[in-house]
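See structure below.
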Amino acid sequence: MEEFIAKFTLDFIEKDRWKFITDGLQITLLVTILAVFFGILIGMIVAIIRCAHDQMDPTRIKGFPKFILKLINTVVKLYVTVIRGTPVLVQLLIMYFIIMVSNDSKITVAVVTFSINSGAYVSEIFRGGIMALDKGQMEAGRSLGLNYIQTMIYIILPQAFKSVQPALCNELIALLKETSICGYIGLNELTRGGDIIRGTTFDALLPLFTVALIYLILVLGLTAIFARLERRLRASDNR
């Protein structure tokens, strides 16, 4: 017991080393929250574009608008293919050392990278949920005088969200854990904070297990939140 207390004091109490954990946790949560927000936004836009192309009515859309829609669909499809086909770590390094090399904010680089990466996966999640809905939903919206975008926002997406909610939860959890690679660009997030303590005290057990425990608690918390949300959505369906 005395040995454990001595190691705990060395790892966390002396020189306020616990701040490496708390400061790193703040950065991890900040990057995750911002990346989730922008990732969902990007994903929804890409999903709407791809679904608009897949559901395009040749009798209504012709000429230049049809060409533009096909061109935009090709671009976003290439985006999804490239992002899903390359490791997020490589994307982060490319963004930091090549594309955003003049940017001094490592947090901005991380947020942009993870937003773009998450957007590709979220777009496929939403696209699957949208395409799974009955085509009559879109026709009903158009018959009420709504255009395609309005029908998507007010009728299609709310229903699609209910079906894709578990997949979105998994994507959020994966994104949270993926932020642990930010240490490769020198961002002192949670994992790097624990590693800094390990490198300073030469004790790996407590710092790394503490980091792992914090990630586990965060994941369990997110899982509980989404499970409660899912129950509420189901309850609303039964009313």
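Starting from 1 in every chain, residues are counted up; chains themselves are A, B, ... following the order of the structure tokens, and ligands are numbered from 1 as listed.
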
Within 7 Å of Glu189 of chain A using only C-alpha atoms, minus same-chain residues under 2 positions, as a list in words: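 My list of contacting residues is Gly24, Leu25, Ile27, Thr28, Ser180, Cys182, Gly183, Leu187, Thr191, Arg192 and Gly193 of chain A.
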
Write the residues of the selection above to a file with N, CA and C atoms, as a short mmCIF file (atom, residue, chain, number, x, y, z; two decimals), in the first residue's frame.
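Saved to out.cif:
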```cif
data_model
loop_
_atom_site.label_atom_id
_atom_site.label_comp_id
_atom_site.auth_asym_id
_atom_site.auth_seq_id
_atom_site.Cartn_x
_atom_site.Cartn_y
_atom_site.Cartn_z
N GLY A 24 -5.15 17.56 -20.68
CA GLY A 24 -5.29 16.71 -21.86
C GLY A 24 -6.72 16.28 -22.10
N LEU A 25 -7.45 16.02 -21.01
CA LEU A 25 -8.86 15.65 -21.12
C LEU A 25 -9.67 16.79 -21.72
N ILE A 27 -8.64 19.08 -23.81
CA ILE A 27 -8.34 19.16 -25.24
C ILE A 27 -9.01 18.03 -26.00
N THR A 28 -8.98 16.83 -25.43
CA THR A 28 -9.64 15.68 -26.07
C THR A 28 -11.12 15.93 -26.26
N SER A 180 -6.72 10.12 -29.75
CA SER A 180 -5.50 9.76 -29.03
C SER A 180 -4.26 9.82 -29.91
N CYS A 182 -3.46 12.37 -31.70
CA CYS A 182 -3.08 13.78 -31.86
C CYS A 182 -1.69 14.06 -31.31
N GLY A 183 -1.18 13.17 -30.47
CA GLY A 183 0.16 13.34 -29.95
C GLY A 183 1.22 13.30 -31.03
N LEU A 187 0.18 17.62 -30.03
CA LEU A 187 -0.95 18.15 -29.28
C LEU A 187 -1.08 17.37 -27.97
N THR A 191 -4.10 11.16 -23.98
CA THR A 191 -3.13 10.07 -24.08
C THR A 191 -1.70 10.59 -23.96
N ARG A 192 -1.43 11.70 -24.64
CA ARG A 192 -0.08 12.26 -24.57
C ARG A 192 0.20 12.77 -23.16
N GLY A 193 -0.82 13.28 -22.48
CA GLY A 193 -0.62 13.72 -21.11
C GLY A 193 -0.16 12.58 -20.22
#
```

Using only C-alpha atoms, determine which residues lie at most 12 Å from Val90 of chain A, disregarding the query and same-chain residues fewer than 3 positions distant; provide the list as a list in words. Val82, Ile83, Arg84, Gly85, Thr86, Pro87, Leu93, Ile94, Met95, Tyr96, Phe97, Ile98, Thr113, Phe114, Asn117, Ile181, Cys182, Tyr184 and Ile185 of chain A

With N, CA and C atoms retained, export the selected residues as a compact mmCIF listing (two decimals), in the first residue's frame.
```
# COMPACT_ATOMS: atom_id res chain seq x y z
N VAL A 82 -11.71 8.44 -50.83
CA VAL A 82 -10.34 8.74 -50.39
C VAL A 82 -10.23 8.73 -48.87
N ILE A 83 -11.17 9.38 -48.20
CA ILE A 83 -11.11 9.48 -46.74
C ILE A 83 -11.29 8.11 -46.09
N ARG A 84 -12.22 7.33 -46.58
CA ARG A 84 -12.46 6.00 -45.99
C ARG A 84 -11.36 5.02 -46.36
N GLY A 85 -10.61 5.32 -47.41
CA GLY A 85 -9.58 4.39 -47.88
C GLY A 85 -8.19 4.66 -47.36
N THR A 86 -8.03 5.73 -46.56
CA THR A 86 -6.72 6.06 -46.01
C THR A 86 -6.79 6.18 -44.50
N PRO A 87 -5.71 5.83 -43.80
CA PRO A 87 -5.72 5.90 -42.32
C PRO A 87 -5.86 7.33 -41.83
N LEU A 93 -1.32 13.71 -40.39
CA LEU A 93 0.05 14.13 -40.70
C LEU A 93 0.09 14.97 -41.97
N ILE A 94 -0.67 14.58 -42.98
CA ILE A 94 -0.74 15.38 -44.22
C ILE A 94 -1.30 16.77 -43.95
N MET A 95 -2.35 16.81 -43.13
CA MET A 95 -2.97 18.09 -42.81
C MET A 95 -2.00 18.99 -42.04
N TYR A 96 -1.22 18.40 -41.12
CA TYR A 96 -0.33 19.19 -40.26
C TYR A 96 0.95 19.61 -40.98
N PHE A 97 1.55 18.69 -41.73
CA PHE A 97 2.86 18.97 -42.33
C PHE A 97 2.79 19.52 -43.75
N ILE A 98 1.61 19.43 -44.41
CA ILE A 98 1.52 19.86 -45.80
C ILE A 98 0.43 20.91 -46.01
N THR A 113 -9.11 17.94 -39.40
CA THR A 113 -8.84 16.57 -39.86
C THR A 113 -9.93 15.60 -39.44
N PHE A 114 -10.28 15.63 -38.17
CA PHE A 114 -11.28 14.68 -37.68
C PHE A 114 -12.68 15.01 -38.18
N ASN A 117 -12.69 13.60 -41.70
CA ASN A 117 -12.70 12.13 -41.62
C ASN A 117 -14.06 11.62 -41.16
N ILE A 181 -4.44 9.91 -31.24
CA ILE A 181 -3.28 9.98 -32.13
C ILE A 181 -2.79 11.42 -32.31
N CYS A 182 -3.46 12.37 -31.70
CA CYS A 182 -3.08 13.78 -31.86
C CYS A 182 -1.69 14.06 -31.31
N TYR A 184 0.89 12.72 -32.18
CA TYR A 184 1.84 12.64 -33.29
C TYR A 184 2.16 14.03 -33.86
N ILE A 185 1.27 15.00 -33.64
CA ILE A 185 1.55 16.37 -34.10
C ILE A 185 1.87 17.28 -32.91
```

So that I can see what lies close to Glu171 of chain A, please list as a VMD selection string the residues with an atom at most 9 Å from it, counting only C-alpha atoms and leaving out residues fewer than 6 positions away in the same chain. chain A and resid 36 118 121 to 122

Could you tell me how far atom CA of Ala160 of chain A lies from atom CA of Ile125 of chain A, in Å and to one decimal?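 Those two atoms sit 9.4 Å apart.
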
Can you list, as JSON, numbers by chain, every protein, DNA or RNA residue that comes within 12 Å of Leu157 of chain A when you count only C-alpha atoms, leaving out same-chain residues fewer than 4 positions away? {"A": [43, 44, 45, 47, 48, 51, 123, 125, 126, 127, 128, 129, 130, 131, 132, 133, 137, 138, 148, 149, 150, 151, 152, 153, 161, 162, 163, 164, 165]}
